[in-house]
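Data block for model-v5.cif (mmCIF, C-alpha atoms):
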data_structure
loop_
_atom_site.label_atom_id
_atom_site.label_comp_id
_atom_site.auth_asym_id
_atom_site.auth_seq_id
_atom_site.Cartn_x
_atom_site.Cartn_y
_atom_site.Cartn_z
CA MET R 1 53.11 -4.70 9.84
CA SER R 2 52.26 -5.79 13.36
CA SER R 3 49.67 -8.46 14.16
CA LYS R 4 47.46 -5.75 15.63
CA GLU R 5 47.55 -3.75 12.38
CA ILE R 6 46.87 -6.89 10.35
CA LEU R 7 43.85 -7.72 12.52
CA LYS R 8 42.56 -4.18 12.12
CA THR R 9 42.97 -4.36 8.33
CA TYR R 10 41.11 -7.68 8.13
CA SER R 11 38.36 -6.29 10.34
CA TRP R 12 37.87 -3.38 7.94
CA LEU R 13 37.90 -5.70 4.93
CA PHE R 14 35.31 -7.94 6.58
CA LEU R 15 33.12 -4.94 7.34
CA ILE R 16 33.40 -3.72 3.75
CA LEU R 17 32.49 -7.21 2.50
CA ILE R 18 29.40 -7.28 4.72
CA VAL R 19 28.31 -3.84 3.45
CA VAL R 20 28.84 -4.88 -0.18
CA MET R 21 26.87 -8.10 0.32
CA PHE R 22 24.06 -6.14 1.97
CA LEU R 23 23.91 -3.66 -0.92
CA VAL R 24 23.91 -6.48 -3.49
CA LEU R 25 21.10 -8.35 -1.73
CA GLU R 26 19.04 -5.19 -1.28
CA SER R 27 19.56 -4.30 -4.96
CA ILE R 28 18.23 -7.73 -5.95
CA GLY R 29 15.31 -7.32 -3.56
CA LEU R 30 14.53 -3.87 -4.94
CA GLN R 31 14.57 -5.22 -8.50
CA GLN R 32 12.16 -8.01 -7.51
CA TYR R 33 9.90 -5.51 -5.76
CA GLY R 34 9.75 -3.37 -8.90
CA THR R 35 8.95 -6.46 -10.98
CA GLU R 36 6.11 -7.39 -8.61
CA ILE R 37 4.66 -3.88 -9.01
CA TYR R 38 4.86 -4.24 -12.79
CA ASN R 39 3.12 -7.63 -12.69
CA MET R 40 0.41 -6.21 -10.43
CA GLN R 41 -0.18 -3.40 -12.91
CA LYS R 42 -0.19 -5.78 -15.90
CA ASN R 43 -2.42 -8.55 -14.51
CA GLN R 44 -4.89 -6.63 -12.37
CA LYS R 45 -8.60 -7.01 -12.99
CA ALA R 46 -11.45 -5.19 -11.31
CA PRO R 47 -13.32 -7.34 -8.76
CA GLU R 48 -16.79 -8.52 -9.68
CA SER R 49 -18.38 -7.41 -6.44
CA SER R 50 -17.72 -6.77 -2.76
CA ASP R 51 -19.34 -5.66 0.48
CA MET R 52 -17.19 -2.54 0.77
CA VAL R 53 -14.50 -0.53 -1.00
CA VAL R 54 -11.76 0.79 1.28
CA VAL R 55 -9.52 3.50 -0.11
CA LEU R 56 -6.41 4.73 1.68
CA ALA R 57 -6.30 8.50 1.24
CA GLY R 58 -3.00 9.71 -0.14
CA SER R 59 -1.63 10.15 -3.64
CA GLY R 60 -3.79 11.32 -6.52
CA GLY R 61 -6.15 8.96 -8.28
CA ARG R 62 -7.00 6.70 -5.35
CA ILE R 63 -10.28 8.23 -4.22
CA GLU R 64 -11.54 8.74 -7.78
CA ALA R 65 -10.79 5.10 -8.65
CA ALA R 66 -12.49 3.84 -5.48
CA TYR R 67 -15.61 5.91 -6.13
CA ASP R 68 -15.83 4.75 -9.75
CA LEU R 69 -15.43 1.15 -8.62
CA MET R 70 -18.23 1.56 -6.08
CA LYS R 71 -20.56 2.99 -8.74
CA VAL R 72 -19.73 0.57 -11.55
CA LYS R 73 -19.81 -2.58 -9.41
CA TYR R 74 -22.74 -1.42 -7.24
CA ILE R 75 -20.76 -1.84 -4.03
CA PRO R 76 -22.84 -0.56 -1.10
CA ILE R 77 -20.13 1.16 0.97
CA LEU R 78 -17.09 3.32 0.22
CA PHE R 79 -14.86 3.72 3.28
CA ILE R 80 -12.24 6.47 2.98
CA ALA R 81 -9.49 5.78 5.52
CA GLY R 82 -7.03 8.39 6.71
CA ALA R 83 -8.72 11.48 5.32
CA ASN R 84 -7.95 14.96 6.56
CA ASN R 85 -9.97 15.67 9.70
CA LYS R 86 -11.62 18.65 8.01
CA ILE R 87 -12.76 16.74 4.93
CA THR R 88 -16.51 16.40 4.43
CA PHE R 89 -18.62 14.64 1.83
CA GLU R 90 -19.67 18.02 0.46
CA GLN R 91 -16.04 19.00 -0.16
CA LEU R 92 -15.27 15.67 -1.81
CA SER R 93 -18.42 15.87 -3.87
CA LYS R 94 -17.45 19.32 -5.12
CA THR R 95 -13.84 18.31 -5.85
CA TYR R 96 -14.67 15.07 -7.69
CA ARG R 97 -18.14 16.04 -8.95
CA TRP R 98 -19.85 13.21 -7.13
CA ASP R 99 -23.55 12.50 -7.22
CA ASN R 100 -25.14 13.68 -3.95
CA SER R 101 -27.22 10.50 -3.88
CA ALA R 102 -24.03 8.62 -2.95
CA LYS R 103 -23.72 10.42 0.39
CA ASP R 104 -25.34 7.62 2.41
CA LYS R 105 -22.89 5.08 0.96
CA ILE R 106 -19.72 6.92 1.93
CA ARG R 107 -17.97 6.77 5.30
CA ILE R 108 -15.02 9.03 6.06
CA ASP R 109 -12.38 8.16 8.65
CA SER R 110 -10.47 11.24 9.79
CA VAL R 111 -8.78 9.59 12.79
CA SER R 112 -6.16 7.19 11.41
CA THR R 113 -2.85 8.69 10.28
CA SER R 114 -0.82 5.68 9.10
CA THR R 115 -1.37 2.53 7.05
CA TRP R 116 -1.36 0.44 10.23
CA GLU R 117 -4.02 2.67 11.80
CA ASN R 118 -5.98 2.62 8.52
CA ALA R 119 -6.11 -1.16 8.76
CA LYS R 120 -7.15 -1.18 12.43
CA ILE R 121 -9.99 1.31 12.04
CA THR R 122 -11.19 -0.42 8.86
CA ALA R 123 -11.23 -3.78 10.64
CA GLU R 124 -13.26 -2.32 13.48
CA PHE R 125 -15.83 -0.88 11.07
CA ALA R 126 -15.96 -4.10 9.03
CA ARG R 127 -16.60 -6.29 12.06
CA LYS R 128 -19.32 -4.01 13.41
CA ASN R 129 -21.09 -3.99 10.05
CA ASN R 130 -20.81 -7.70 9.21
CA ILE R 131 -18.57 -7.15 6.20
CA ASN R 132 -17.37 -10.39 4.57
CA ASN R 133 -14.97 -8.98 1.99
CA ILE R 134 -13.41 -5.66 1.07
CA VAL R 135 -11.70 -4.21 -1.97
CA LEU R 136 -8.54 -2.43 -0.83
CA VAL R 137 -7.65 0.55 -3.03
CA THR R 138 -4.30 2.32 -2.86
CA SER R 139 -1.41 3.14 -5.19
CA MET R 140 0.51 0.34 -6.87
CA TYR R 141 3.67 1.38 -5.00
CA HIS R 142 1.90 1.24 -1.64
CA MET R 143 -0.20 -1.87 -2.23
CA GLN R 144 2.21 -4.59 -1.08
CA ARG R 145 2.80 -2.91 2.27
CA ALA R 146 -0.87 -2.02 2.68
CA GLU R 147 -2.08 -5.53 1.87
CA PHE R 148 0.54 -7.02 4.20
CA LEU R 149 -0.58 -4.83 7.13
CA PHE R 150 -4.29 -5.31 6.45
CA LYS R 151 -3.87 -9.09 6.44
CA LYS R 152 -2.03 -8.88 9.76
CA VAL R 153 -4.83 -6.82 11.32
CA PHE R 154 -7.63 -8.90 9.76
CA LYS R 155 -6.00 -12.23 10.67
CA GLY R 156 -8.56 -14.63 12.11
CA SER R 157 -11.55 -12.56 11.00
CA ASN R 158 -12.34 -14.52 7.78
CA ILE R 159 -12.81 -11.20 6.00
CA GLN R 160 -11.40 -11.42 2.49
CA ILE R 161 -9.14 -8.62 1.25
CA ILE R 162 -9.13 -7.99 -2.51
CA PRO R 163 -6.35 -5.65 -3.68
CA PHE R 164 -7.04 -3.08 -6.40
CA ALA R 165 -4.06 -0.84 -7.13
CA THR R 166 -4.16 2.54 -8.84
CA TYR R 167 -1.42 4.29 -10.77
CA VAL R 168 -0.91 7.68 -12.31
CA GLN R 169 2.27 6.80 -14.19
CA PRO R 170 2.70 3.21 -15.46
CA ILE R 171 5.89 1.39 -14.47
CA GLU R 172 7.93 -0.21 -17.24
CA MET R 173 9.28 -3.75 -16.92
CA ASN R 174 12.77 -2.81 -18.05
CA GLY R 175 14.51 0.40 -17.12
CA TRP R 176 12.07 1.71 -14.51
CA TRP R 177 15.08 2.54 -12.33
CA TYR R 178 16.14 5.22 -14.83
CA ASP R 179 13.00 7.24 -14.11
CA PHE R 180 13.87 9.20 -10.95
CA LYS R 181 10.28 9.60 -9.75
CA VAL R 182 9.44 5.93 -10.23
CA PHE R 183 12.74 4.82 -8.69
CA ARG R 184 12.20 7.05 -5.66
CA ASN R 185 8.68 5.70 -5.11
CA VAL R 186 9.77 2.06 -5.45
CA LEU R 187 12.79 2.59 -3.20
CA ASP R 188 10.75 4.37 -0.52
CA GLU R 189 8.03 1.72 -0.41
CA TYR R 190 10.51 -1.16 -0.60
CA PHE R 191 12.31 -0.13 2.57
CA LYS R 192 9.06 0.68 4.39
CA PHE R 193 7.76 -2.77 3.44
CA GLN R 194 10.96 -4.44 4.67
CA TYR R 195 10.70 -2.51 7.92
CA TYR R 196 7.20 -3.83 8.63
CA ARG R 197 8.14 -7.36 7.56
CA LEU R 198 10.96 -7.25 10.08
CA ILE R 199 8.67 -5.96 12.85
CA PHE R 200 6.04 -8.64 12.22
CA SER R 201 8.38 -11.53 11.42
CA GLY R 202 7.17 -14.63 13.22
CA LYS R 203 3.82 -13.09 14.15
#

The structure in this file should be written as structure tokens.
Amino acid sequence: MSSKEILKTYSWLFLILIVVMFLVLESIGLQQYGTEIYNMQKNQKAPESSDMVVVLAGSGGRIEAAYDLMKVKYIPILFIAGANNKITFEQLSKTYRWDNSAKDKIRIDSVSTSTWENAKITAEFARKNNINNIVLVTSMYHMQRAEFLFKKVFKGSNIQIIPFATYVQPIEMNGWWYDFKVFRNVLDEYFKFQYYRLIFSGK
């Protein structure tokens, strides 16, 4: 075997080693991410009070949980971020059987289309309305990324962000990766979270 062929072989072996190391590290990171979701689910408690509930429209259960939280804790504002631009209070009230007396407490954002935009438009509303703290409601899979982005946007504002995650299907501590739906959700959010951490690293 010529020196050129040997060099080529070692180059391929080195590349394979790098790929294997990357997969191992990402597997460990994914496992830790799943564990953090489980701990969030296990240890979460409803906040005592707040100036505003912010719910990120998306998967089922979020809006219902946010509304219930607003009613039970007597929180004066429910801000629905990232709703469909055709959604009205009347439609939501009919879908979720809301009390019409809550109409004045609910604000609907139909402009933002991503978590980052959700955070920016929420921050703008919060600053204009002298909000000191918010309860952030989204799914347990989405919460780490959402909280990360909200804290980036709210940095320097002194507005406290209190996470409150919702879930339709509980995640198990051991063996969650065997459930395809749970694994897919964790995997999807893990890589999205890593992407934003990379973008905002050092900022």

Exercise. Please, which residues are within 9 Å of (-20.9, 0.3, 0.4) by the file's coordinates, counting all atoms listed in the file, and could they come as a list in words?
Worked result: Ser50, Asp51, Met52, Val53, Met70, Tyr74, Ile75, Pro76, Ile77, Leu78, Phe79, Asp104, Lys105, Ile106 and Arg107 of chain R

Go ahead and save the residues from that selection, with C-alpha atoms, as a PDB file, in the coordinates of the input.
ATOM      1  CA  SER R  50     -17.720  -6.770  -2.760  1.00  0.00           C
ATOM      2  CA  ASP R  51     -19.340  -5.660   0.480  1.00  0.00           C
ATOM      3  CA  MET R  52     -17.190  -2.540   0.770  1.00  0.00           C
ATOM      4  CA  VAL R  53     -14.500  -0.530  -1.000  1.00  0.00           C
ATOM      5  CA  MET R  70     -18.230   1.560  -6.080  1.00  0.00           C
ATOM      6  CA  TYR R  74     -22.740  -1.420  -7.240  1.00  0.00           C
ATOM      7  CA  ILE R  75     -20.760  -1.840  -4.030  1.00  0.00           C
ATOM      8  CA  PRO R  76     -22.840  -0.560  -1.100  1.00  0.00           C
ATOM      9  CA  ILE R  77     -20.130   1.160   0.970  1.00  0.00           C
ATOM     10  CA  LEU R  78     -17.090   3.320   0.220  1.00  0.00           C
ATOM     11  CA  PHE R  79     -14.860   3.720   3.280  1.00  0.00           C
ATOM     12  CA  ASP R 104     -25.340   7.620   2.410  1.00  0.00           C
ATOM     13  CA  LYS R 105     -22.890   5.080   0.960  1.00  0.00           C
ATOM     14  CA  ILE R 106     -19.720   6.920   1.930  1.00  0.00           C
ATOM     15  CA  ARG R 107     -17.970   6.770   5.300  1.00  0.00           C
TER      16      ARG R 107
END

May I have a table of the residues of region 30-100 of chain R lying at most 9 Å from region 133-145 of chain R, giving each one's closest pair of atoms and their distance in Å to one decimal, counting only C-alpha atoms, ordered by chain and ascending residue number, as a Markdown table?
| residue | atom | partner | partner_atom | distance |
| --- | --- | --- | --- | --- |
| R:Gly34 | CA | R:Tyr141 | CA | 8.6 |
| R:Glu36 | CA | R:Gln144 | CA | 8.9 |
| R:Ile37 | CA | R:Met140 | CA | 6.3 |
| R:Tyr38 | CA | R:Met140 | CA | 8.7 |
| R:Met40 | CA | R:Met140 | CA | 7.5 |
| R:Gln41 | CA | R:Met140 | CA | 7.1 |
| R:Pro47 | CA | R:Val135 | CA | 7.7 |
| R:Ser49 | CA | R:Val135 | CA | 8.7 |
| R:Ser50 | CA | R:Ile134 | CA | 5.9 |
| R:Asp51 | CA | R:Asn133 | CA | 5.7 |
| R:Met52 | CA | R:Ile134 | CA | 4.9 |
| R:Val53 | CA | R:Val135 | CA | 4.7 |
| R:Val54 | CA | R:Leu136 | CA | 5.0 |
| R:Val55 | CA | R:Val137 | CA | 4.6 |
| R:Leu56 | CA | R:Thr138 | CA | 5.6 |
| R:Ala57 | CA | R:Thr138 | CA | 7.7 |
| R:Gly58 | CA | R:Thr138 | CA | 8.0 |
| R:Ser59 | CA | R:Ser139 | CA | 7.2 |
| R:Gly60 | CA | R:Ser139 | CA | 8.6 |
| R:Gly61 | CA | R:Ser139 | CA | 8.1 |
| R:Arg62 | CA | R:Thr138 | CA | 5.7 |
| R:Ile63 | CA | R:Val137 | CA | 8.2 |
| R:Ala65 | CA | R:Val137 | CA | 7.9 |
| R:Ala66 | CA | R:Val137 | CA | 6.3 |

Problem set entry | Computed interatomic separation between CA of Asp99 (chain R) and CA of Ala83 (chain R) (Å) | 19.4 Å

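Among the candidates R:Leu198, R:Asn174, R:Tyr96, R:Lys192, the one nearest to Gln32 (chain R) when counting all atoms listed in the file is R:Asn174.
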
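Among the candidates R:Arg97, R:Tyr178, R:Phe148, R:Asn43, the one nearest to Asp68 (chain R) when counting all atoms listed in the file is R:Arg97.
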
Give the centre and edge lengths of an axis-aligned box, in Å to one decimal, that holds all listed atoms of region 30-47 of chain R with 5 Å on each side, as lines of an AutoDock Vina configuration file.
center_x = 0.6
center_y = -6.0
center_z = -10.4
size_x = 37.9
size_y = 15.2
size_z = 21.0

For this session: Report the distance between CA of Tyr67 (chain R) and CA of Glu90 (chain R) in Å, rounded to one decimal place.
Result: 14.4 Å

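A straight line drawn from CA of Gln31 (chain R) to CA of Ser201 (chain R) is 21.8 Å long.
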
For this session: Check the smallest atom-to-atom distance from each of R:Val72, R:Phe14, R:Gly82, R:Thr95 to Ala119 (chain R) using all atoms listed in the file, then report the winner.
Result: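 Looking only at the distances to Ala119 (chain R), the closest residue turns out to be R:Gly82.
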
For this session: Might you spell out which residues the PyMOL selection byres ((chain R and resi 169) around 10) would select in the displayed file, as a VMD selection string?
Result: chain R and resid 140 166 to 168 170 to 172 181 to 182

For this session: Using the chain letters and numbering of this document, enumerate as number ranges by chain the residues selected by the PyMOL selection byres ((chain R and resi 200) around 12).
Result: R: 116, 145, 148-149, 151-153, 193-199, 201-203

Exercise. Looking at R:Lys42, R:Arg127, R:Lys71, R:Lys86, which one is nearest to Ser101 (chain R), with distances taken over all atoms listed in the file?
Worked result: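 Result for the nearest residue to Ser101 (chain R): R:Lys71.
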
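Compared by their closest atoms to Lys128 (chain R), and using all atoms listed in the file, the residues R:Ser157, R:Thr113, R:Ile162, R:Asp179 rank with R:Ser157 nearest.
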
Reconstruct N, CA and C atoms of region 158-173 of chain R from the incomplete input and present them as a JSON list (two decimals), in the frame of the given file.
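Listed below is the output, result24.json:
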[["chain", "number", "residue", "atom", "x", "y", "z"],
["R", 158, "ASN", "N", -11.70, -13.92, 8.96],
["R", 158, "ASN", "CA", -12.34, -14.52, 7.78],
["R", 158, "ASN", "C", -12.87, -13.48, 6.80],
["R", 159, "ILE", "N", -12.44, -12.24, 6.96],
["R", 159, "ILE", "CA", -12.81, -11.20, 6.00],
["R", 159, "ILE", "C", -11.80, -11.19, 4.87],
["R", 160, "GLN", "N", -12.28, -11.36, 3.66],
["R", 160, "GLN", "CA", -11.40, -11.42, 2.49],
["R", 160, "GLN", "C", -10.96, -10.03, 2.07],
["R", 161, "ILE", "N", -9.68, -9.89, 1.72],
["R", 161, "ILE", "CA", -9.14, -8.62, 1.25],
["R", 161, "ILE", "C", -8.76, -8.77, -0.22],
["R", 162, "ILE", "N", -9.37, -7.95, -1.06],
["R", 162, "ILE", "CA", -9.13, -7.99, -2.51],
["R", 162, "ILE", "C", -8.37, -6.73, -2.92],
["R", 163, "PRO", "N", -7.11, -6.85, -3.32],
["R", 163, "PRO", "CA", -6.35, -5.65, -3.68],
["R", 163, "PRO", "C", -6.74, -5.08, -5.04],
["R", 164, "PHE", "N", -6.78, -3.76, -5.13],
["R", 164, "PHE", "CA", -7.04, -3.08, -6.40],
["R", 164, "PHE", "C", -6.17, -1.83, -6.42],
["R", 165, "ALA", "N", -5.06, -1.91, -7.15],
["R", 165, "ALA", "CA", -4.06, -0.84, -7.13],
["R", 165, "ALA", "C", -4.33, 0.21, -8.20],
["R", 166, "THR", "N", -4.03, 1.45, -7.88],
["R", 166, "THR", "CA", -4.16, 2.54, -8.84],
["R", 166, "THR", "C", -2.77, 3.04, -9.23],
["R", 167, "TYR", "N", -2.69, 3.69, -10.37],
["R", 167, "TYR", "CA", -1.42, 4.29, -10.77],
["R", 167, "TYR", "C", -1.67, 5.48, -11.68],
["R", 168, "VAL", "N", -0.84, 6.48, -11.47],
["R", 168, "VAL", "CA", -0.91, 7.68, -12.31],
["R", 168, "VAL", "C", 0.05, 7.52, -13.48],
["R", 169, "GLN", "N", 1.24, 7.02, -13.18],
["R", 169, "GLN", "CA", 2.27, 6.80, -14.19],
["R", 169, "GLN", "C", 2.62, 5.32, -14.24],
["R", 170, "PRO", "N", 2.39, 4.63, -15.37],
["R", 170, "PRO", "CA", 2.70, 3.21, -15.46],
["R", 170, "PRO", "C", 4.19, 2.94, -15.23],
["R", 171, "ILE", "N", 4.51, 1.79, -14.66],
["R", 171, "ILE", "CA", 5.89, 1.39, -14.47],
["R", 171, "ILE", "C", 6.29, 0.44, -15.59],
["R", 172, "GLU", "N", 7.46, 0.63, -16.15],
["R", 172, "GLU", "CA", 7.93, -0.21, -17.24],
["R", 172, "GLU", "C", 8.69, -1.41, -16.68],
["R", 173, "MET", "N", 8.61, -2.53, -17.38],
["R", 173, "MET", "CA", 9.28, -3.75, -16.92],
["R", 173, "MET", "C", 10.80, -3.57, -16.90]]
